[in-house]
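Q: This is target_0.txt (compact mmCIF, C-alpha atoms).
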```txt
# COMPACT_ATOMS: atom_id res chain seq x y z
CA ASP A 1 0.00 0.00 0.00
CA ILE A 2 2.94 2.32 -0.69
CA LEU A 3 2.33 4.81 -3.49
CA ASN A 4 4.39 4.31 -6.65
CA ASP A 5 5.45 7.95 -6.49
CA THR A 6 6.92 7.27 -3.06
CA TYR A 7 9.06 4.39 -4.32
CA SER A 8 10.21 6.59 -7.19
CA MET A 9 11.04 9.44 -4.83
CA PHE A 10 12.99 7.19 -2.46
CA ALA A 11 14.87 5.60 -5.36
CA TYR A 12 15.78 9.10 -6.57
CA LEU A 13 16.85 10.53 -3.20
CA LEU A 14 18.66 7.52 -1.72
CA SER A 15 22.03 6.26 -2.91
CA VAL A 16 25.07 4.38 -1.69
CA HIS A 17 26.39 7.70 -0.36
CA THR A 18 23.28 8.87 1.56
CA HIS A 19 24.35 10.30 4.92
CA GLY A 20 22.27 9.62 8.01
CA LYS A 21 21.35 13.29 8.38
CA LEU A 22 19.56 13.17 5.00
CA VAL A 23 17.33 10.18 5.81
CA PRO A 24 14.68 12.32 7.61
CA GLU A 25 14.40 14.48 4.50
CA ALA A 26 13.92 11.41 2.31
CA LEU A 27 11.10 10.17 4.56
CA ALA A 28 9.46 13.60 4.49
CA CYS A 29 9.35 13.46 0.69
CA ALA A 30 7.00 10.45 0.64
CA ALA A 31 4.04 11.10 -1.65
CA GLU A 32 1.70 10.12 1.19
CA PHE A 33 2.50 13.44 2.90
CA ARG A 34 1.55 15.65 -0.04
CA LYS A 35 -1.96 15.84 1.40
CA LEU A 36 -0.92 17.20 4.80
CA PRO A 37 -3.08 20.27 5.46
CA LEU A 38 -1.50 23.70 5.09
CA ARG A 39 -3.03 26.20 7.50
CA GLN A 40 -2.58 29.93 7.69
CA SER A 41 -1.21 29.54 11.22
CA ASP A 42 1.53 27.25 9.88
CA ASN A 43 3.35 30.18 8.31
CA GLN A 44 4.33 31.51 11.73
CA THR A 45 4.73 28.28 13.72
CA LEU A 46 6.68 26.34 11.10
CA THR A 47 8.93 29.30 10.25
CA LYS A 48 9.79 29.62 13.95
CA LEU A 49 10.47 25.88 14.26
CA GLU A 50 12.64 25.80 11.16
CA LYS A 51 14.65 28.81 12.31
CA GLN A 52 15.24 27.21 15.72
CA LEU A 53 16.24 23.83 14.25
CA LYS A 54 18.65 25.31 11.73
CA GLY A 55 20.01 27.85 14.21
CA ASP A 56 20.87 25.07 16.66
CA ASP A 57 22.33 22.94 13.84
CA LEU A 58 19.66 20.27 14.39
CA MET A 59 18.52 20.28 10.77
CA PRO A 60 20.42 20.75 7.49
CA LYS A 61 20.36 24.43 6.57
CA LYS A 62 19.62 23.61 2.93
CA PRO A 63 17.80 20.77 1.18
CA SER A 64 19.95 18.04 -0.31
CA PRO A 65 21.25 18.72 -3.84
CA LYS A 66 18.83 16.14 -5.28
CA ALA A 67 15.84 17.69 -3.51
CA SER A 68 16.92 21.17 -4.67
CA ARG A 69 17.47 20.03 -8.25
CA PHE A 70 13.94 18.64 -8.43
CA HIS A 71 12.45 21.61 -6.47
CA ILE A 72 10.62 19.13 -4.24
CA PHE A 73 9.78 21.45 -1.39
CA GLU A 74 8.76 24.28 -3.72
CA ARG A 75 6.44 21.99 -5.69
CA TRP A 76 4.90 20.42 -2.56
CA PRO A 77 5.07 22.78 0.47
CA SER A 78 3.37 20.10 2.58
CA LEU A 79 6.56 17.99 2.24
CA SER A 80 8.59 20.87 3.64
CA LYS A 81 6.16 20.89 6.55
CA ALA A 82 6.66 17.15 7.05
CA ASN A 83 10.44 17.64 7.04
CA ILE A 84 10.27 20.31 9.74
CA LEU A 85 7.88 18.29 11.92
CA ILE A 86 10.03 15.15 11.70
CA HIS A 87 13.12 17.07 12.82
CA ALA A 88 11.13 18.76 15.60
CA HIS A 89 10.03 15.32 16.81
CA LEU A 90 13.60 14.00 16.82
CA HIS A 91 14.71 16.85 19.06
CA GLY A 92 11.70 17.07 21.34
CA LEU A 93 10.53 20.53 20.36
CA PRO A 94 7.01 21.49 21.50
CA LEU A 95 4.32 21.69 18.82
CA THR A 96 0.91 23.29 18.56
CA LYS A 97 -2.11 21.03 18.85
CA GLU A 98 -2.68 21.19 15.09
CA ASN A 99 0.97 20.46 14.22
CA GLN A 100 1.05 17.58 16.70
CA ALA A 101 -1.95 16.08 14.91
CA ASP A 102 -0.06 16.40 11.62
CA LEU A 103 3.00 14.75 13.18
CA ASP A 104 0.84 11.89 14.43
CA VAL A 105 -0.24 11.25 10.84
CA ILE A 106 3.42 11.12 9.79
CA LEU A 107 4.46 8.81 12.61
CA ARG A 108 1.61 6.37 11.98
CA GLN A 109 2.73 5.94 8.37
CA ALA A 110 6.47 6.04 9.06
CA PRO A 111 7.06 2.30 9.75
CA LYS A 112 5.77 1.12 6.37
CA LEU A 113 7.57 3.95 4.58
CA ILE A 114 10.85 3.12 6.30
CA ASN A 115 10.37 -0.51 5.25
CA ALA A 116 10.02 0.73 1.67
CA MET A 117 13.29 2.63 2.04
CA LEU A 118 14.99 -0.49 3.39
CA LYS A 119 13.66 -2.52 0.50
CA ILE A 120 15.37 -0.16 -1.93
CA THR A 121 18.67 0.05 -0.01
CA SER A 122 18.92 -3.70 0.60
CA GLN A 123 18.09 -4.61 -3.00
CA ASN A 124 20.88 -2.30 -4.15
CA LYS A 125 23.23 -3.67 -1.45
CA TRP A 126 23.88 -0.18 -0.07
CA ILE A 127 25.08 -1.44 3.31
CA GLN A 128 25.93 1.85 5.01
CA THR A 129 22.75 3.51 3.75
CA THR A 130 20.74 0.57 5.09
CA VAL A 131 22.42 1.00 8.49
CA ASN A 132 21.66 4.74 8.39
CA VAL A 133 17.97 4.07 7.70
CA LEU A 134 17.79 1.49 10.51
CA GLU A 135 19.43 3.89 12.97
CA PHE A 136 17.02 6.64 11.92
CA SER A 137 14.11 4.27 12.49
CA GLN A 138 15.27 3.72 16.08
CA LEU A 139 15.68 7.44 16.68
CA LEU A 140 12.23 8.17 15.25
CA THR A 141 10.67 5.54 17.52
CA GLN A 142 12.40 6.94 20.61
CA GLY A 143 11.98 10.58 19.62
CA LEU A 144 15.72 11.20 19.93
CA GLY A 145 18.27 13.03 17.83
CA PRO A 146 21.49 11.45 16.55
CA ARG A 147 23.55 13.31 19.16
CA ASP A 148 21.32 12.42 22.12
CA SER A 149 22.55 10.03 24.78
CA SER A 150 21.17 6.49 24.71
CA LEU A 151 20.46 6.94 28.43
CA LEU A 152 17.46 9.08 27.46
CA THR A 153 15.71 5.86 26.40
CA LEU A 154 15.45 4.90 30.08
CA PRO A 155 12.20 5.78 31.91
CA HIS A 156 12.24 9.12 33.77
CA PHE A 157 15.72 10.05 32.50
CA SER A 158 16.06 13.65 31.33
CA HIS A 159 19.17 15.56 30.26
CA SER A 160 19.75 16.38 33.95
CA GLU A 161 19.95 12.71 34.95
CA VAL A 162 22.14 11.97 31.91
CA ARG A 163 24.63 14.69 32.97
CA HIS A 164 24.76 13.39 36.54
CA CYS A 165 25.06 9.80 35.37
CA GLY A 166 28.04 10.63 33.16
CA SER A 167 29.92 12.75 35.68
CA GLY A 168 32.81 11.66 37.84
CA LYS A 169 35.42 8.95 37.56
CA ASN A 170 32.94 6.08 37.30
CA GLY A 171 30.36 7.91 35.21
CA CYS A 172 28.15 6.05 32.73
CA LYS A 173 27.97 7.66 29.33
CA SER A 174 26.12 4.89 27.49
CA LEU A 175 23.20 2.55 28.05
CA LEU A 176 25.47 -0.49 28.16
CA ALA A 177 27.72 1.15 30.75
CA PHE A 178 24.63 1.89 32.86
CA VAL A 179 23.45 -1.73 32.63
CA ARG A 180 26.87 -2.96 33.79
CA ALA A 181 27.29 -0.34 36.53
CA GLY A 182 26.93 -1.24 40.18
CA ALA A 183 24.55 0.38 42.62
CA ASP A 184 25.38 2.55 45.64
CA HIS A 185 24.77 1.69 49.28
CA ALA A 186 21.08 2.53 48.84
CA GLY A 187 20.78 0.12 45.91
CA ARG A 188 20.50 2.88 43.31
CA LYS A 189 22.63 3.50 40.28
CA LYS A 190 24.08 6.86 39.40
CA GLY A 191 21.51 9.36 38.15
CA MET A 192 18.64 7.79 40.11
CA GLY A 193 19.18 9.65 43.39
CA LYS A 194 16.03 11.77 43.09
CA PHE A 195 13.77 9.00 41.81
CA SER A 196 11.00 7.47 43.88
CA ASP A 197 11.07 3.74 44.66
CA VAL A 198 8.48 3.15 41.94
CA GLN A 199 10.53 5.08 39.38
CA CYS A 200 13.66 3.14 40.36
CA ARG A 201 11.89 -0.17 39.86
CA GLU A 202 10.72 0.95 36.43
CA VAL A 203 14.26 1.92 35.43
CA GLU A 204 15.64 -1.36 36.75
CA ALA A 205 12.98 -3.34 34.88
CA VAL A 206 13.95 -1.74 31.58
CA ALA A 207 17.71 -2.01 32.24
CA GLY A 208 17.29 -5.65 33.26
CA ALA A 209 15.52 -6.46 30.00
CA LEU A 210 18.43 -5.15 27.93
CA SER A 211 20.91 -7.77 26.80
CA ASP A 212 24.53 -7.42 27.84
CA ILE A 213 26.13 -9.66 25.23
CA GLN A 214 29.77 -10.60 24.85
CA ILE A 215 30.91 -12.25 21.62
CA THR A 216 34.22 -14.07 21.25
CA THR A 217 35.52 -15.86 18.17
CA LYS A 218 38.14 -18.51 17.47
CA VAL A 219 39.49 -19.70 14.12
CA TYR A 220 41.39 -22.96 13.92
CA VAL A 221 42.02 -26.19 12.02
CA ASP A 222 40.95 -29.37 13.79
CA GLY A 223 43.97 -31.32 14.96
CA GLU A 224 46.50 -28.79 13.65
CA PRO A 225 48.53 -26.21 15.62
CA GLU A 226 48.67 -23.78 12.69
CA ILE A 227 46.61 -22.70 9.70
CA ALA A 228 48.11 -23.31 6.29
CA GLU A 229 47.00 -22.41 2.78
CA GLN A 230 43.96 -24.39 1.53
CA ASP A 231 43.21 -25.75 5.04
CA MET A 232 39.58 -26.27 5.99
CA ILE A 233 39.14 -23.94 8.93
CA THR A 234 36.57 -23.91 11.71
CA LEU A 235 35.08 -20.66 12.98
CA GLU A 236 33.78 -20.89 16.54
CA VAL A 237 31.55 -18.10 17.82
CA LYS A 238 30.67 -17.93 21.50
CA LEU A 239 27.86 -15.64 22.61
CA THR A 240 27.64 -14.98 26.35
CA ARG A 241 24.64 -13.29 27.92
CA ARG A 242 26.26 -11.64 30.90
CA ASN A 243 23.11 -10.42 32.65
CA LEU A 244 20.79 -13.40 32.29
CA PRO A 245 18.54 -13.40 35.40
CA ALA A 246 18.50 -16.35 37.75
CA PRO A 247 15.56 -18.74 37.36
CA PRO A 248 12.60 -18.37 39.74
CA GLY A 249 13.32 -19.99 43.10
CA GLY A 250 17.10 -19.69 42.82
CA ASP A 251 19.83 -21.60 41.07
CA ASP A 252 19.58 -24.67 43.28
CA SER A 253 15.80 -25.10 43.43
CA ASP A 254 14.75 -28.73 43.12
CA ASP A 255 11.85 -30.29 41.31
CA GLU A 256 8.92 -30.81 43.67
CA ASP A 257 8.63 -34.46 42.72
CA GLY A 258 12.31 -35.06 43.39
CA GLY A 259 12.96 -35.82 39.73
CA ASP A 260 16.19 -34.87 38.04
CA GLY A 261 14.58 -33.08 35.11
CA GLY A 262 13.69 -29.88 36.96
CA ASP A 263 17.19 -28.44 37.39
CA LEU A 264 18.18 -25.50 35.19
CA ASP A 265 21.77 -25.32 33.95
CA LEU A 266 22.34 -21.57 34.23
CA ASP A 267 25.88 -21.75 32.85
CA ALA A 268 24.58 -23.52 29.76
CA LEU A 269 21.93 -20.85 29.33
CA ARG A 270 24.44 -18.04 29.68
CA SER A 271 26.66 -19.34 26.91
CA ASP A 272 25.46 -20.49 23.52
CA LYS A 273 28.09 -21.96 21.22
CA TRP A 274 27.85 -22.57 17.50
```
If you convert what's in this file into structure tokens, what do you get?

A:
Amino acid sequence: DILNDTYSMFAYLLSVHTHGKLVPEALACAAEFRKLPLRQSDNQTLTKLEKQLKGDDLMPKKPSPKASRFHIFERWPSLSKANILIHAHLHGLPLTKENQADLDVILRQAPKLINAMLKITSQNKWIQTTVNVLEFSQLLTQGLGPRDSSLLTLPHFSHSEVRHCGSGKNGCKSLLAFVRAGADHAGRKKGMGKFSDVQCREVEAVAGALSDIQITTKVYVDGEPEIAEQDMITLEVKLTRRNLPAPPGGDDSDDEDGGDGGDLDLDALRSDKW
């Protein structure tokens, strides 16, 4: 249910060299957004938003060369509106009630449109562009900009908590560092000092659901101390889930019937080997 004009537009705008900062613009140029309403009040609100975004270097100051060459935003002003609203969403800027309704329309259609972009990039084997689209999809879902800390994806974390969390010798500057960090004497991690007990439990629930994965590899030839030309090699990949929770009832809980099939081998669960 993607419009043919949208596929054509994406195929025109995207290439093997498409930078991540241009992916929001490509999404905004989807033909589905040509029908976004243009209100008289938009002249003031959108101009103010665009000026703020470009002034803070949160949005490219000029359209991409391809968009300029085809005069996309001049031909369809509603696409310029979509571009501004998408960037405002990524950076958490407040919107009017009417503009928020327009953004909701964009966000509801975004997943299928991003899939269309990925279809084009993957078929052309544009690996880095595919990665850029996937990363943009995550940012759009979280409502975060490319320079925002991953810690902002945690419940109740604002820029204030992120600054406190990253300060000091043992500061956590990434989500993975936060997951691995220890708690203080009160059982709270850095940045959670002002949170209520309920808020702390919500943060811990999210952090505990995130995988802390370690991957190690080994290349060798069976029965040989060295690898020589034309040898058949074996690649061993070991994936270790470092924060797998203990099973209910503890590691040494026994089966109620006394059988030997109820024990859970936690070490085996933590490490999967292929």

Q: List the neighbours of region 195-210 of chain A out to 10 Å using all atoms listed in the file; skip same-chain residues closer than 2 positions along the sequence, and give me the result as number ranges by chain.

A: A: 153-157, 161, 175-176, 178-180, 187-189, 191-193, 212-213, 243-245

Q: For CA of His87 (chain A) and CA of Ile127 (chain A), quote the distance in Å rounded to one decimal.

A: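 It comes out at 24.0 Å.
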
Q: Just the residues within 8 Å of Ser174 (chain A), please, counting all atoms listed in the file, with nothing from its chain fewer than 2 positions along; format it as a list in words.

A: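 Listing them by chain and then by number gives Ser149, Ser150, Leu151, Cys172, Leu176, Ala177 and Phe178 of chain A.
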
Q: Residues within 8 Å of region 47-60 of chain A, please, as a PyMOL selection string. Count all atoms listed in the file; anything in the same chain fewer than 2 positions from it doesn't count.

A: chain A and resi 21+42-45+62-63+84+87-88+91

Q: How would the residues just picked look written out with C-alpha atoms as a PDB file, keeping the file's coordinate frame?

A:
```pdb
ATOM      1  CA  LYS A  21      21.350  13.290   8.380  1.00  0.00           C
ATOM      2  CA  ASP A  42       1.530  27.250   9.880  1.00  0.00           C
ATOM      3  CA  ASN A  43       3.350  30.180   8.310  1.00  0.00           C
ATOM      4  CA  GLN A  44       4.330  31.510  11.730  1.00  0.00           C
ATOM      5  CA  THR A  45       4.730  28.280  13.720  1.00  0.00           C
ATOM      6  CA  LYS A  62      19.620  23.610   2.930  1.00  0.00           C
ATOM      7  CA  PRO A  63      17.800  20.770   1.180  1.00  0.00           C
ATOM      8  CA  ILE A  84      10.270  20.310   9.740  1.00  0.00           C
ATOM      9  CA  HIS A  87      13.120  17.070  12.820  1.00  0.00           C
ATOM     10  CA  ALA A  88      11.130  18.760  15.600  1.00  0.00           C
ATOM     11  CA  HIS A  91      14.710  16.850  19.060  1.00  0.00           C
TER      12      HIS A  91
END
```

Q: Dig up all the protein and nucleic acid residues within 12 Å of (11.5, 20.1, -2.6) in the file frame, using only C-alpha atoms, and format them as a ChimeraX atom specification.

A: /A:9,13,25-26,28-31,34,62-83

Q: Smallest atom-to-atom distance to Pro111 (chain A): which of A:Gln138, A:Asp222, A:Gly171, A:Ser15, using only C-alpha atoms?

A: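 Of the candidates, the smallest distance to Pro111 (chain A) is held by A:Gln138.
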
Q: Please return region 103-114 of chain A, rebuilt to all heavy atoms, as a short mmCIF file (atom, residue, chain, number, x, y, z; two decimals), in the coordinates of the input.

A:
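Wrote part.cif, looks like this:
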```
data_model
loop_
_atom_site.label_atom_id
_atom_site.label_comp_id
_atom_site.auth_asym_id
_atom_site.auth_seq_id
_atom_site.Cartn_x
_atom_site.Cartn_y
_atom_site.Cartn_z
N LEU A 103 1.88 15.64 12.89
CA LEU A 103 3.00 14.75 13.18
C LEU A 103 2.52 13.34 13.46
O LEU A 103 3.15 12.36 13.04
CB LEU A 103 3.80 15.28 14.37
CG LEU A 103 4.96 14.40 14.84
CD1 LEU A 103 6.01 14.23 13.75
CD2 LEU A 103 5.60 14.99 16.11
N ASP A 104 1.40 13.22 14.15
CA ASP A 104 0.84 11.89 14.43
C ASP A 104 0.53 11.14 13.14
O ASP A 104 0.73 9.93 13.04
CB ASP A 104 -0.42 12.01 15.28
CG ASP A 104 -0.12 12.48 16.71
OD1 ASP A 104 1.06 12.40 17.12
OD2 ASP A 104 -1.05 12.93 17.39
N VAL A 105 0.03 11.86 12.14
CA VAL A 105 -0.24 11.25 10.84
C VAL A 105 1.06 10.72 10.23
O VAL A 105 1.12 9.60 9.69
CB VAL A 105 -0.91 12.26 9.89
CG1 VAL A 105 -1.00 11.70 8.48
CG2 VAL A 105 -2.30 12.63 10.40
N ILE A 106 2.12 11.52 10.34
CA ILE A 106 3.42 11.12 9.79
C ILE A 106 3.95 9.90 10.51
O ILE A 106 4.41 8.93 9.87
CB ILE A 106 4.42 12.30 9.91
CG1 ILE A 106 3.98 13.46 9.03
CG2 ILE A 106 5.83 11.85 9.56
CD1 ILE A 106 4.78 14.74 9.25
N LEU A 107 3.89 9.91 11.83
CA LEU A 107 4.46 8.81 12.61
C LEU A 107 3.70 7.50 12.42
O LEU A 107 4.31 6.42 12.46
CB LEU A 107 4.49 9.19 14.10
CG LEU A 107 5.40 10.37 14.47
CD1 LEU A 107 5.31 10.66 15.96
CD2 LEU A 107 6.84 10.10 14.06
N ARG A 108 2.40 7.60 12.20
CA ARG A 108 1.61 6.37 11.98
C ARG A 108 2.01 5.70 10.65
O ARG A 108 1.97 4.48 10.53
CB ARG A 108 0.12 6.69 11.99
CG ARG A 108 -0.47 6.80 13.39
CD ARG A 108 -1.99 6.75 13.36
NE ARG A 108 -2.55 7.90 12.68
CZ ARG A 108 -2.91 9.04 13.29
NH1 ARG A 108 -2.74 9.16 14.60
NH2 ARG A 108 -3.42 10.04 12.61
N GLN A 109 2.38 6.50 9.68
CA GLN A 109 2.73 5.94 8.37
C GLN A 109 4.23 5.65 8.24
O GLN A 109 4.64 4.96 7.30
CB GLN A 109 2.30 6.91 7.27
CG GLN A 109 0.80 7.15 7.22
CD GLN A 109 0.37 7.86 5.95
OE1 GLN A 109 0.58 7.36 4.85
NE2 GLN A 109 -0.21 9.04 6.09
N ALA A 110 5.02 6.16 9.17
CA ALA A 110 6.47 6.04 9.06
C ALA A 110 6.98 4.61 8.98
O ALA A 110 7.86 4.32 8.16
CB ALA A 110 7.14 6.78 10.22
N PRO A 111 6.49 3.66 9.81
CA PRO A 111 7.06 2.30 9.75
C PRO A 111 7.00 1.66 8.37
O PRO A 111 8.00 1.10 7.90
CB PRO A 111 6.20 1.52 10.77
CG PRO A 111 5.75 2.56 11.75
CD PRO A 111 5.52 3.79 10.92
N LYS A 112 5.86 1.74 7.68
CA LYS A 112 5.77 1.12 6.37
C LYS A 112 6.61 1.86 5.34
O LYS A 112 7.16 1.26 4.41
CB LYS A 112 4.30 1.05 5.91
CG LYS A 112 3.64 2.39 5.64
CD LYS A 112 2.22 2.22 5.11
CE LYS A 112 1.58 3.56 4.75
NZ LYS A 112 0.21 3.40 4.22
N LEU A 113 6.75 3.17 5.51
CA LEU A 113 7.57 3.95 4.58
C LEU A 113 9.05 3.65 4.77
O LEU A 113 9.81 3.57 3.81
CB LEU A 113 7.29 5.45 4.75
CG LEU A 113 5.87 5.90 4.40
CD1 LEU A 113 5.64 7.35 4.81
CD2 LEU A 113 5.60 5.72 2.91
N ILE A 114 9.46 3.49 6.02
CA ILE A 114 10.85 3.12 6.30
C ILE A 114 11.15 1.73 5.75
O ILE A 114 12.23 1.47 5.22
CB ILE A 114 11.12 3.21 7.81
CG1 ILE A 114 11.13 4.67 8.25
CG2 ILE A 114 12.44 2.53 8.17
CD1 ILE A 114 11.26 4.88 9.74
#
```
